[in-house]
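S.K.: Sharing model_11.txt (compact mmCIF, C-alpha atoms) below.
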```txt
# COMPACT_ATOMS: atom_id res chain seq x y z
CA MET G 1 -11.10 22.39 17.80
CA LYS G 2 -12.34 22.40 14.19
CA LYS G 3 -10.44 19.17 13.53
CA LYS G 4 -12.05 17.51 16.53
CA LEU G 5 -15.51 18.63 15.39
CA MET G 6 -14.89 17.29 11.88
CA THR G 7 -13.77 13.95 13.33
CA ILE G 8 -17.04 13.72 15.30
CA ILE G 9 -19.06 14.57 12.16
CA HIS G 10 -17.12 12.00 10.08
CA TRP G 11 -17.69 9.24 12.66
CA THR G 12 -21.38 10.10 12.99
CA VAL G 13 -21.93 9.89 9.22
CA PHE G 14 -19.86 6.70 9.01
CA TRP G 15 -21.83 4.85 11.70
CA PHE G 16 -25.16 6.21 10.47
CA VAL G 17 -24.49 4.85 6.97
CA LYS G 18 -23.10 1.56 8.26
CA LEU G 19 -25.96 0.86 10.67
CA THR G 20 -28.81 1.97 8.44
CA ALA G 21 -27.43 0.14 5.40
CA ALA G 22 -26.68 -3.09 7.28
CA PRO G 23 -30.17 -4.70 7.21
CA GLY G 24 -30.61 -4.04 3.49
CA LEU G 25 -27.12 -5.25 2.68
CA LEU G 26 -27.81 -8.55 4.44
CA LEU G 27 -29.81 -9.45 1.36
CA PHE G 28 -26.62 -9.21 -0.68
CA ARG G 29 -24.42 -11.01 1.85
CA PRO G 30 -21.43 -12.45 0.07
CA LYS G 31 -20.39 -16.06 -0.14
CA VAL G 32 -16.83 -16.31 1.17
CA ILE G 33 -14.46 -19.26 0.98
CA TYR G 34 -11.20 -19.49 2.89
CA ALA G 35 -7.92 -20.92 1.62
CA GLY G 36 -7.19 -22.26 5.09
CA GLY G 37 -10.39 -24.31 5.06
CA LYS G 38 -11.96 -22.54 8.02
CA ARG G 39 -13.13 -18.99 8.61
CA LEU G 40 -10.25 -16.57 9.11
CA ARG G 41 -10.81 -14.08 11.92
CA ILE G 42 -8.92 -10.97 10.90
CA ARG G 43 -7.67 -9.43 14.12
CA GLY G 44 -5.23 -6.62 14.79
CA GLY G 45 -3.24 -4.62 12.24
CA ALA G 46 -3.32 -6.09 8.75
CA LEU G 47 -3.13 -5.06 5.13
CA LEU G 48 -6.00 -6.50 3.11
CA ILE G 49 -5.29 -6.62 -0.62
CA SER G 50 -7.73 -7.47 -3.37
CA ASN G 51 -8.17 -7.55 -7.12
CA HIS G 52 -9.97 -4.46 -8.45
CA ILE G 53 -12.66 -5.06 -11.04
CA THR G 54 -15.37 -2.47 -10.38
CA SER G 55 -15.73 0.94 -8.72
CA PHE G 56 -17.87 -0.70 -6.04
CA ASP G 57 -15.06 -2.92 -4.79
CA PRO G 58 -14.42 -0.92 -1.59
CA LEU G 59 -18.09 -1.41 -0.68
CA TYR G 60 -17.87 -5.12 -1.45
CA MET G 61 -14.71 -5.47 0.64
CA GLN G 62 -16.50 -3.81 3.52
CA LEU G 63 -19.34 -6.33 3.08
CA ILE G 64 -16.97 -9.29 2.97
CA VAL G 65 -14.92 -8.26 6.01
CA TRP G 66 -17.87 -6.55 7.71
CA HIS G 67 -16.70 -6.83 11.32
CA ARG G 68 -13.74 -4.47 10.79
CA ASN G 69 -13.51 -0.80 9.87
CA HIS G 70 -11.37 -0.40 6.76
CA HIS G 71 -9.00 2.41 5.87
CA PHE G 72 -9.08 2.35 2.09
CA VAL G 73 -6.09 3.66 0.20
CA CYS G 74 -7.68 5.90 -2.40
CA ALA G 75 -6.31 7.90 -5.35
CA LYS G 76 -5.80 11.58 -4.56
CA GLU G 77 -7.64 12.60 -7.75
CA PHE G 78 -10.91 11.45 -6.17
CA TYR G 79 -10.47 14.08 -3.49
CA GLU G 80 -10.77 16.98 -5.94
CA LYS G 81 -14.53 17.34 -5.42
CA LYS G 82 -15.31 18.65 -1.92
CA SER G 83 -18.43 16.50 -1.47
CA ARG G 84 -16.57 13.35 -2.43
CA ALA G 85 -13.63 14.28 -0.21
CA PHE G 86 -16.03 14.66 2.71
CA LEU G 87 -17.48 11.21 2.08
CA PHE G 88 -14.03 9.63 1.79
CA ASP G 89 -12.99 11.30 5.03
CA CYS G 90 -16.09 9.88 6.72
CA PHE G 91 -14.98 6.43 5.59
CA GLN G 92 -11.43 7.04 6.84
CA CYS G 93 -9.82 6.72 3.42
CA ILE G 94 -6.14 7.49 2.96
CA PRO G 95 -5.43 9.64 -0.11
CA VAL G 96 -2.41 8.63 -2.17
CA ASP G 97 -0.69 10.41 -5.03
CA ARG G 98 -0.25 7.43 -7.35
CA SER G 99 2.43 9.10 -9.47
CA ASN G 100 4.47 10.32 -6.50
CA VAL G 101 3.81 8.26 -3.37
CA GLY G 102 5.28 10.29 -0.55
CA THR G 103 6.69 9.56 2.87
CA GLY G 104 3.60 11.22 4.40
CA THR G 105 1.27 8.58 2.95
CA MET G 106 3.66 5.80 3.91
CA ARG G 107 3.88 7.01 7.52
CA GLU G 108 0.09 7.37 7.74
CA ILE G 109 -0.52 3.80 6.53
CA VAL G 110 2.19 2.38 8.81
CA ALA G 111 0.73 4.28 11.79
CA HIS G 112 -2.74 2.80 11.16
CA LEU G 113 -1.30 -0.70 10.87
CA LYS G 114 0.78 -0.30 14.02
CA ALA G 115 -2.33 0.91 15.85
CA GLY G 116 -3.94 -2.47 15.10
CA GLU G 117 -6.21 -1.18 12.33
CA LEU G 118 -7.13 -2.68 8.97
CA VAL G 119 -5.84 -0.98 5.82
CA SER G 120 -7.36 -2.14 2.54
CA MET G 121 -5.85 -1.53 -0.85
CA PHE G 122 -5.78 -2.64 -4.45
CA PRO G 123 -2.19 -3.52 -5.38
CA GLU G 124 -2.93 -3.23 -9.12
CA GLY G 125 -3.36 0.49 -8.42
CA HIS G 126 -6.48 0.97 -10.55
CA VAL G 127 -9.64 -0.74 -11.75
CA ASN G 128 -8.62 -3.62 -13.99
CA ILE G 129 -10.20 -3.07 -17.38
CA THR G 130 -8.24 -5.51 -19.51
CA GLY G 131 -9.68 -5.79 -22.99
CA SER G 132 -10.14 -9.56 -22.96
CA GLY G 133 -12.77 -9.32 -20.25
CA ASP G 134 -11.09 -12.00 -18.12
CA HIS G 135 -9.55 -9.39 -15.81
CA GLU G 136 -6.12 -10.99 -15.86
CA LEU G 137 -4.22 -9.63 -12.87
CA GLN G 138 -2.02 -6.65 -13.67
CA GLU G 139 1.37 -5.93 -12.16
CA PHE G 140 1.23 -5.49 -8.35
CA LYS G 141 2.83 -2.40 -6.79
CA SER G 142 5.42 -3.34 -4.20
CA GLY G 143 4.71 -0.48 -1.77
CA MET G 144 2.37 -2.71 0.25
CA VAL G 145 5.25 -5.06 1.10
CA LEU G 146 7.44 -2.20 2.31
CA MET G 147 4.67 -0.74 4.49
CA SER G 148 3.78 -4.13 5.92
CA LEU G 149 7.45 -4.76 6.78
CA LEU G 150 7.75 -1.40 8.51
CA ALA G 151 4.61 -1.98 10.55
CA GLY G 152 5.37 -5.65 11.29
CA THR G 153 1.86 -6.69 10.24
CA PRO G 154 0.68 -9.37 7.79
CA ILE G 155 -0.78 -9.01 4.31
CA ILE G 156 -4.02 -10.86 3.63
CA PRO G 157 -4.77 -11.59 -0.03
CA MET G 158 -8.35 -11.64 -1.18
CA VAL G 159 -10.15 -12.12 -4.49
CA MET G 160 -13.61 -11.05 -5.57
CA LYS G 161 -15.41 -12.66 -8.48
CA LYS G 162 -17.15 -10.41 -10.96
CA ARG G 163 -20.90 -10.64 -10.55
CA LYS G 164 -22.78 -11.72 -13.68
CA THR G 165 -25.84 -9.59 -12.88
CA VAL G 166 -26.71 -7.09 -10.15
CA PHE G 167 -28.77 -9.80 -8.47
CA SER G 168 -25.96 -12.37 -8.46
CA ARG G 169 -24.53 -13.13 -5.07
CA LEU G 170 -21.07 -11.74 -4.45
CA GLU G 171 -18.40 -14.44 -4.17
CA ALA G 172 -14.98 -14.01 -2.65
CA ALA G 173 -11.98 -16.00 -1.45
CA ILE G 174 -9.68 -15.01 1.40
CA GLY G 175 -6.17 -16.42 1.65
CA GLU G 176 -3.97 -17.14 4.61
CA PRO G 177 -2.10 -14.13 6.08
CA VAL G 178 1.38 -13.62 4.64
CA ASP G 179 4.17 -12.25 6.83
CA PRO G 180 6.60 -10.54 4.40
CA ALA G 181 9.38 -10.71 7.01
CA SER G 182 9.21 -14.52 6.95
CA PHE G 183 10.91 -14.63 3.54
CA TYR G 184 14.08 -12.53 3.88
CA GLY G 185 13.80 -10.93 7.32
CA LYS G 186 12.79 -7.36 8.16
CA ARG G 187 15.20 -5.66 5.77
CA PRO G 188 15.15 -7.37 2.40
CA THR G 189 16.76 -5.85 -0.68
CA VAL G 190 14.66 -4.08 -3.31
CA ALA G 191 14.89 -7.20 -5.52
CA GLN G 192 13.62 -9.36 -2.66
CA ILE G 193 10.71 -6.96 -2.05
CA GLU G 194 9.80 -7.35 -5.72
CA GLU G 195 10.02 -11.12 -5.32
CA ILE G 196 7.66 -11.07 -2.30
CA THR G 197 5.27 -8.89 -4.35
CA GLU G 198 5.31 -11.54 -7.06
CA ILE G 199 4.59 -14.28 -4.47
CA LEU G 200 1.54 -12.31 -3.31
CA LYS G 201 0.34 -12.02 -6.89
CA GLU G 202 0.71 -15.79 -7.26
CA ARG G 203 -1.30 -16.35 -4.06
CA THR G 204 -4.00 -14.07 -5.47
CA LYS G 205 -4.03 -16.09 -8.71
CA GLU G 206 -4.45 -19.30 -6.71
CA LEU G 207 -7.42 -17.76 -4.91
CA ARG G 208 -8.98 -16.92 -8.27
CA GLU G 209 -8.62 -20.55 -9.30
CA MET G 210 -10.21 -21.62 -6.01
CA LEU G 211 -13.17 -19.39 -6.85
CA GLY G 212 -13.37 -20.84 -10.35
CA ASP G 213 -12.93 -17.35 -11.77
CA MET Y 1 29.64 16.13 8.53
CA ALA Y 2 31.62 16.60 5.30
CA ARG Y 3 29.81 16.20 1.99
CA GLU Y 4 32.16 13.36 0.92
CA GLU Y 5 31.26 11.46 4.08
CA ILE Y 6 27.53 11.85 3.34
CA VAL Y 7 28.05 10.55 -0.21
CA GLU Y 8 30.02 7.52 1.05
CA ARG Y 9 27.38 6.66 3.62
CA LEU Y 10 24.68 7.09 1.00
CA LYS Y 11 26.53 4.64 -1.26
CA GLU Y 12 26.59 2.09 1.58
CA ILE Y 13 22.84 2.49 2.00
CA LEU Y 14 22.20 2.06 -1.72
CA LEU Y 15 24.41 -1.04 -1.80
CA SER Y 16 22.62 -2.65 1.14
CA GLU Y 17 19.29 -2.06 -0.60
CA ASP Y 18 20.21 -3.20 -4.09
CA ASP Y 19 23.30 -5.35 -4.58
CA ARG Y 20 22.47 -5.83 -8.28
CA LYS Y 21 23.91 -2.39 -9.06
CA LYS Y 22 27.18 -2.73 -7.12
CA GLU Y 23 29.47 -1.41 -9.87
CA LEU Y 24 27.16 1.48 -10.73
CA ILE Y 25 26.80 2.56 -7.09
CA GLU Y 26 30.52 2.31 -6.33
CA ASN Y 27 31.38 4.54 -9.30
CA CYS Y 28 28.39 6.87 -9.13
CA THR Y 29 28.56 10.65 -9.31
CA GLU Y 30 26.27 13.26 -7.79
CA ASP Y 31 24.78 14.28 -11.13
CA MET Y 32 23.39 10.81 -11.83
CA SER Y 33 19.62 10.52 -12.15
CA LEU Y 34 17.76 8.48 -9.54
CA THR Y 35 15.18 7.21 -12.00
CA GLU Y 36 17.14 6.90 -15.23
CA ASP Y 37 20.54 5.76 -13.94
CA PHE Y 38 19.61 3.92 -10.75
CA GLY Y 39 16.18 2.77 -11.96
CA PHE Y 40 14.46 4.07 -8.84
CA ASN Y 41 10.69 3.88 -8.47
CA SER Y 42 8.64 5.35 -5.62
CA VAL Y 43 9.22 2.29 -3.41
CA GLY Y 44 12.98 2.45 -3.98
CA LEU Y 45 12.99 6.08 -2.90
CA LEU Y 46 10.85 5.45 0.20
CA TYR Y 47 13.13 2.60 1.20
CA MET Y 48 16.18 4.83 0.78
CA VAL Y 49 14.55 7.59 2.86
CA ILE Y 50 13.87 5.14 5.73
CA ASP Y 51 17.48 3.98 5.76
CA ILE Y 52 18.82 7.55 5.53
CA GLU Y 53 16.65 8.61 8.46
CA GLU Y 54 18.00 5.75 10.57
CA SER Y 55 21.59 6.17 9.50
CA PHE Y 56 21.81 9.98 9.78
CA GLY Y 57 19.30 10.47 12.59
CA ILE Y 58 17.25 12.97 10.56
CA ARG Y 59 13.61 13.09 9.49
CA PHE Y 60 12.43 13.81 5.96
CA GLU Y 61 9.35 15.92 5.30
CA ASP Y 62 6.64 14.56 2.98
CA VAL Y 63 8.80 13.75 -0.05
CA GLY Y 64 8.34 11.43 -2.99
CA ILE Y 65 10.18 10.31 -6.11
CA GLY Y 66 9.20 13.57 -7.84
CA ASP Y 67 11.12 15.67 -5.32
CA PHE Y 68 14.61 14.41 -6.14
CA GLU Y 69 16.06 14.17 -9.62
CA THR Y 70 19.70 13.44 -8.90
CA LEU Y 71 21.76 11.85 -6.16
CA GLY Y 72 23.29 15.26 -5.50
CA GLN Y 73 19.87 16.65 -4.59
CA VAL Y 74 19.47 13.93 -1.95
CA VAL Y 75 22.91 14.82 -0.58
CA ASP Y 76 21.90 18.52 -0.52
CA TYR Y 77 18.75 17.62 1.41
CA ILE Y 78 20.66 15.54 3.99
CA GLU Y 79 23.25 18.32 4.36
CA GLY Y 80 20.46 20.84 4.95
CA ARG Y 81 18.79 18.66 7.58
CA LEU Y 82 22.05 18.03 9.40
CA GLN Y 83 22.77 21.73 9.78
```
Please rewrite the model in this file as C-alpha cells.

M.R.:
Amino acid sequence: MKKKLMTIIHWTVFWFVKLTAAPGLLLFRPKVIYAGGKRLRIRGGALLISNHITSFDPLYMQLIVWHRNHHFVCAKEFYEKKSRAFLFDCFQCIPVDRSNVGTGTMREIVAHLKAGELVSMFPEGHVNITGSGDHELQEFKSGMVLMSLLAGTPIIPMVMKKRKTVFSRLEAAIGEPVDPASFYGKRPTVAQIEEITEILKERTKELREMLGD
Amino acid sequence: MAREEIVERLKEILLSEDDRKKELIENCTEDMSLTEDFGFNSVGLLYMVIDIEESFGIRFEDVGIGDFETLGQVVDYIEGRLQ
C-alpha cells in the first residue's frame, strides 16, 4: 500500500516538474544532428549512452530526447541524502553501486529495457574532468553491452558538446542504433564484449567529430 | 550433484566465456582468486552468474564481484542453492 502511494507521489512530482518546466526550457531547446542524416525516432526499449561532461547532463539528455521518459543509471552515493533520493526516485533513476555492480541492478535495467522503456547511462561511469579541458573520452564500461544483449535491445550513442556560456545553445549528435548481437551473436565471449564496447566508443568519437567538438 | 561435477561444469562455463585463459581454467583450483588469477571484473562476474543460472537452473540473489573472492566460494554458493 505504502509502495503504491509512493509511486503515485513520484509520478505526480515527475509530471508536475516536466510540464511546468517545459515552456521555459523551450528557450534552451537543443540543436540536434543525426548521424543517419534524418531525425531518429527512438521507439521501444533502448539504451541511450552519452559522454558525461557536467552534472547537468541528465537534464540535457532529457531535453534532447524529450518525448521519452528516461531511467537514468545513477551512482548509489547520490542516494545517501533522503531529499535527493526522493527526487531521483521521482525521476525513475536506477541506483548502481559502481564498485560492486550487482545482479539486482542488472536485472532491473534489463527488465526496464524488455518493457520497452528507455534507459540512459554514461558509460564513462563519472563526469569527465580530464585536465586538458578537451574532455577526451575515458574508458567505457562494458556492462551496457551485456545488459543490452540480455534484453535484446539496441544501444544508441549520443554526444553533447560543452556549452561555452550558460546562454549558449546546447548542441548534440545522435548516432544510429547499434545492435550488439549483430557482431558476434547473443552470447559473445568476454573479449568480444570488450571489443563491442570499444566499437561504441569509436562511434561516440565519430559523433564528436561530426559536432566539431 | 557432487562438488567435482559442479567444478567441472563451472570450468566449461568459464571456457565458453573466455577462451583466452584456456590453460588457466583447465588447471584451476578452488582457492584461486576471481579477480587476481582470472582477471574478473564486475561484468565478467555478472556474465558468469547468468550462465550458471541457466546451466544449473538456480537463481542468484543480489550478488556482485565483492561477494565472491575465490572460485571455491562460487562452488559453495551453487552447492547451497542446489540443496

S.K.: Between Y:Val74, Y:Ala2, Y:Leu34, Y:Ile65, which one has atoms that come closest to chain G, using all atoms listed in the file?

M.R.: Y:Ile65

S.K.: Using only C-alpha atoms, find which residues of chain Y lie within 8 Å of chain G and jot them down as a list of chain:residue names.

M.R.: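 Written out as asked, the residues are Y:Ser16, Y:Glu17, Y:Asp18, Y:Asp19, Y:Ser42, Y:Val43, Y:Gly44, Y:Leu46, Y:Tyr47, Y:Phe60, Y:Glu61, Y:Asp62, Y:Val63, Y:Gly64, Y:Ile65, Y:Gly66.
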
S.K.: In Å, how far is it from atom CA of G:Ile42 to atom CA of G:Met6?

M.R.: 28.9 Å

S.K.: Which value, in Å to one decimal, gives the distance between atom CA of Y:Cys28 and atom CA of Y:Ile52?

M.R.: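 Value for the atom CA of Y:Cys28-atom CA of Y:Ile52 distance: 17.5 Å.
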
S.K.: Quick one: pull the distance between atom CA of G:Lys3 and atom CA of G:His112, Å, one decimal.

M.R.: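 Atom-to-atom, atom CA of G:Lys3 to atom CA of G:His112, that is 18.2 Å.
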
S.K.: Excluding stretch 21-30 of chain G and residues on its chain fewer than 5 positions from it, collect all residues at most 8 Å away from it, counting all atoms listed in the file, and give them as JSON, numbers by chain.

M.R.: {"G": [63, 64, 169, 170, 171, 172]}

S.K.: Write the residues of the selection above to a file with C-alpha atoms, as a compact mmCIF listing (two decimals), in the coordinates of the input.

M.R.:
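The resulting again-v4.txt:
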```txt
# COMPACT_ATOMS: atom_id res chain seq x y z
CA LEU G 63 -19.34 -6.33 3.08
CA ILE G 64 -16.97 -9.29 2.97
CA ARG G 169 -24.53 -13.13 -5.07
CA LEU G 170 -21.07 -11.74 -4.45
CA GLU G 171 -18.40 -14.44 -4.17
CA ALA G 172 -14.98 -14.01 -2.65
```

S.K.: Mind checking which residues fall within 10 Å of Y:Ile13, counting only C-alpha atoms, ignoring those fewer than 6 positions away in the same chain, and posting them as a list in words?

M.R.: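 Using only C-alpha atoms, the neighbours found are Val7, Ile25, Tyr47, Met48, Val49, Asp51, Ile52 and Ser55 of chain Y.
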
S.K.: Output C-alpha atoms for every residue in the selection just made, as a short mmCIF file (atom, residue, chain, number, x, y, z; two decimals), in the coordinates of the input.

M.R.:
```cif
data_model
loop_
_atom_site.label_atom_id
_atom_site.label_comp_id
_atom_site.auth_asym_id
_atom_site.auth_seq_id
_atom_site.Cartn_x
_atom_site.Cartn_y
_atom_site.Cartn_z
CA VAL Y 7 28.05 10.55 -0.21
CA ILE Y 25 26.80 2.56 -7.09
CA TYR Y 47 13.13 2.60 1.20
CA MET Y 48 16.18 4.83 0.78
CA VAL Y 49 14.55 7.59 2.86
CA ASP Y 51 17.48 3.98 5.76
CA ILE Y 52 18.82 7.55 5.53
CA SER Y 55 21.59 6.17 9.50
#
```

S.K.: For a cutoff of 8 Å around the file-coordinate point (25.2, 19.1, -8.6), which residues qualify once you count all atoms listed in the file? I'd like the result as a PDB file with C-alpha atoms, in the coordinates of the input.

M.R.:
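Wrote it out as out31.pdb, contents follow:
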```pdb
ATOM      1  CA  GLU Y  30      26.270  13.260  -7.790  1.00  0.00           C
ATOM      2  CA  ASP Y  31      24.780  14.280 -11.130  1.00  0.00           C
ATOM      3  CA  THR Y  70      19.700  13.440  -8.900  1.00  0.00           C
ATOM      4  CA  GLY Y  72      23.290  15.260  -5.500  1.00  0.00           C
ATOM      5  CA  GLN Y  73      19.870  16.650  -4.590  1.00  0.00           C
TER       6      GLN Y  73
END
```

S.K.: Find, counting only C-alpha atoms, the residue in G:Ile109, G:Leu200, G:Leu5, G:Leu47 that gets nearest to G:Cys93.

M.R.: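 When distances to G:Cys93 are compared using only C-alpha atoms, the smallest one comes from G:Ile109.
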
S.K.: With distances taken over only C-alpha atoms, which of Y:Arg81, Y:Asn41, Y:Glu36, Y:Asn27 is nearest to Y:Leu15?

M.R.: Y:Asn27

S.K.: How would you write as a PDB file with C-alpha atoms, in the coordinates of the input the residues that get within 10 Å of (-14.2, 2.5, 0.7) in the file's frame, counting all atoms listed in the file?

M.R.:
```
ATOM      1  CA  SER G  55     -15.730   0.940  -8.720  1.00  0.00           C
ATOM      2  CA  PHE G  56     -17.870  -0.700  -6.040  1.00  0.00           C
ATOM      3  CA  ASP G  57     -15.060  -2.920  -4.790  1.00  0.00           C
ATOM      4  CA  PRO G  58     -14.420  -0.920  -1.590  1.00  0.00           C
ATOM      5  CA  LEU G  59     -18.090  -1.410  -0.680  1.00  0.00           C
ATOM      6  CA  TYR G  60     -17.870  -5.120  -1.450  1.00  0.00           C
ATOM      7  CA  MET G  61     -14.710  -5.470   0.640  1.00  0.00           C
ATOM      8  CA  GLN G  62     -16.500  -3.810   3.520  1.00  0.00           C
ATOM      9  CA  ASN G  69     -13.510  -0.800   9.870  1.00  0.00           C
ATOM     10  CA  HIS G  70     -11.370  -0.400   6.760  1.00  0.00           C
ATOM     11  CA  HIS G  71      -9.000   2.410   5.870  1.00  0.00           C
ATOM     12  CA  PHE G  72      -9.080   2.350   2.090  1.00  0.00           C
ATOM     13  CA  VAL G  73      -6.090   3.660   0.200  1.00  0.00           C
ATOM     14  CA  CYS G  74      -7.680   5.900  -2.400  1.00  0.00           C
ATOM     15  CA  LEU G  87     -17.480  11.210   2.080  1.00  0.00           C
ATOM     16  CA  PHE G  88     -14.030   9.630   1.790  1.00  0.00           C
ATOM     17  CA  ASP G  89     -12.990  11.300   5.030  1.00  0.00           C
ATOM     18  CA  CYS G  90     -16.090   9.880   6.720  1.00  0.00           C
ATOM     19  CA  PHE G  91     -14.980   6.430   5.590  1.00  0.00           C
ATOM     20  CA  GLN G  92     -11.430   7.040   6.840  1.00  0.00           C
ATOM     21  CA  CYS G  93      -9.820   6.720   3.420  1.00  0.00           C
ATOM     22  CA  ILE G  94      -6.140   7.490   2.960  1.00  0.00           C
ATOM     23  CA  SER G 120      -7.360  -2.140   2.540  1.00  0.00           C
ATOM     24  CA  MET G 121      -5.850  -1.530  -0.850  1.00  0.00           C
TER      25      MET G 121
END
```

S.K.: List the neighbours of G:Pro177 out to 6 Å using only C-alpha atoms; skip same-chain residues closer than 4 positions along the sequence, and give me the result as a count of residues only.

M.R.: 3

S.K.: I need the residue nearest G:Gly36 from this list: G:Ile174, G:Met210, G:Ile53, G:Val166. Use all atoms listed in the file for the distance.

M.R.: G:Ile174

S.K.: Around stretch 71-80 of chain Y, fit a box with edges along x, y and z, padding it by 8 Å on each side, then list its centre and edge lengths in Å to one decimal as lines of an AutoDock Vina configuration file.

M.R.:
```
center_x = 21.0
center_y = 16.3
center_z = -0.6
size_x = 20.5
size_y = 25.0
size_z = 27.1
```

S.K.: Of the candidates G:Asp213, G:His67, G:Thr12, G:Leu149, which one gets nearest to Y:Ile50 if we count all atoms listed in the file?

M.R.: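 Residue with the minimum atom-to-atom distance to Y:Ile50: G:Leu149.
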
S.K.: Given the choices Y:Arg3, Y:Leu10, Y:Gln83, Y:Phe68, which gets closest to Y:Phe40 if the distance is worked out from all atoms listed in the file?

M.R.: Y:Phe68

S.K.: Could you please fill out stretch 197-213 of chain G with N, CA and C atoms and send it back as an mmCIF file, in the coordinates of the input?

M.R.:
```cif
data_model
loop_
_atom_site.group_PDB
_atom_site.id
_atom_site.type_symbol
_atom_site.label_atom_id
_atom_site.label_comp_id
_atom_site.auth_asym_id
_atom_site.auth_seq_id
_atom_site.Cartn_x
_atom_site.Cartn_y
_atom_site.Cartn_z
ATOM 1 N N THR G 197 6.445 -9.440 -3.650
ATOM 2 C CA THR G 197 5.270 -8.890 -4.350
ATOM 3 C C THR G 197 4.745 -9.911 -5.354
ATOM 4 N N GLU G 198 5.681 -10.547 -6.052
ATOM 5 C CA GLU G 198 5.310 -11.540 -7.060
ATOM 6 C C GLU G 198 4.647 -12.758 -6.391
ATOM 7 N N ILE G 199 5.176 -13.143 -5.218
ATOM 8 C CA ILE G 199 4.590 -14.280 -4.470
ATOM 9 C C ILE G 199 3.139 -13.956 -4.108
ATOM 10 N N LEU G 200 2.898 -12.714 -3.679
ATOM 11 C CA LEU G 200 1.540 -12.310 -3.310
ATOM 12 C C LEU G 200 0.610 -12.333 -4.520
ATOM 13 N N LYS G 201 1.155 -11.973 -5.667
ATOM 14 C CA LYS G 201 0.340 -12.020 -6.890
ATOM 15 C C LYS G 201 -0.016 -13.477 -7.212
ATOM 16 N N GLU G 202 0.956 -14.365 -7.023
ATOM 17 C CA GLU G 202 0.710 -15.790 -7.260
ATOM 18 C C GLU G 202 -0.374 -16.314 -6.320
ATOM 19 N N ARG G 203 -0.283 -15.902 -5.038
ATOM 20 C CA ARG G 203 -1.300 -16.350 -4.060
ATOM 21 C C ARG G 203 -2.689 -15.857 -4.490
ATOM 22 N N THR G 204 -2.719 -14.637 -5.023
ATOM 23 C CA THR G 204 -4.000 -14.070 -5.470
ATOM 24 C C THR G 204 -4.541 -14.869 -6.661
ATOM 25 N N LYS G 205 -3.618 -15.273 -7.550
ATOM 26 C CA LYS G 205 -4.030 -16.090 -8.710
ATOM 27 C C LYS G 205 -4.606 -17.418 -8.246
ATOM 28 N N GLU G 206 -3.964 -18.012 -7.239
ATOM 29 C CA GLU G 206 -4.450 -19.300 -6.710
ATOM 30 C C GLU G 206 -5.858 -19.142 -6.123
ATOM 31 N N LEU G 207 -6.086 -18.003 -5.481
ATOM 32 C CA LEU G 207 -7.420 -17.760 -4.910
ATOM 33 C C LEU G 207 -8.464 -17.647 -6.023
ATOM 34 N N ARG G 208 -8.058 -17.038 -7.132
ATOM 35 C CA ARG G 208 -8.980 -16.920 -8.270
ATOM 36 C C ARG G 208 -9.360 -18.293 -8.790
ATOM 37 N N GLU G 209 -8.351 -19.172 -8.835
ATOM 38 C CA GLU G 209 -8.620 -20.550 -9.300
ATOM 39 C C GLU G 209 -9.560 -21.264 -8.329
ATOM 40 N N MET G 210 -9.334 -21.023 -7.026
ATOM 41 C CA MET G 210 -10.210 -21.620 -6.010
ATOM 42 C C MET G 210 -11.660 -21.217 -6.215
ATOM 43 N N LEU G 211 -11.826 -19.953 -6.638
ATOM 44 C CA LEU G 211 -13.170 -19.390 -6.850
ATOM 45 C C LEU G 211 -13.776 -19.854 -8.174
ATOM 46 N N GLY G 212 -12.920 -20.442 -9.009
ATOM 47 C CA GLY G 212 -13.370 -20.840 -10.350
ATOM 48 C C GLY G 212 -13.590 -19.631 -11.228
ATOM 49 N N ASP G 213 -12.779 -18.591 -11.013
ATOM 50 C CA ASP G 213 -12.930 -17.350 -11.770
ATOM 51 C C ASP G 213 -12.052 -17.380 -13.026
#
```
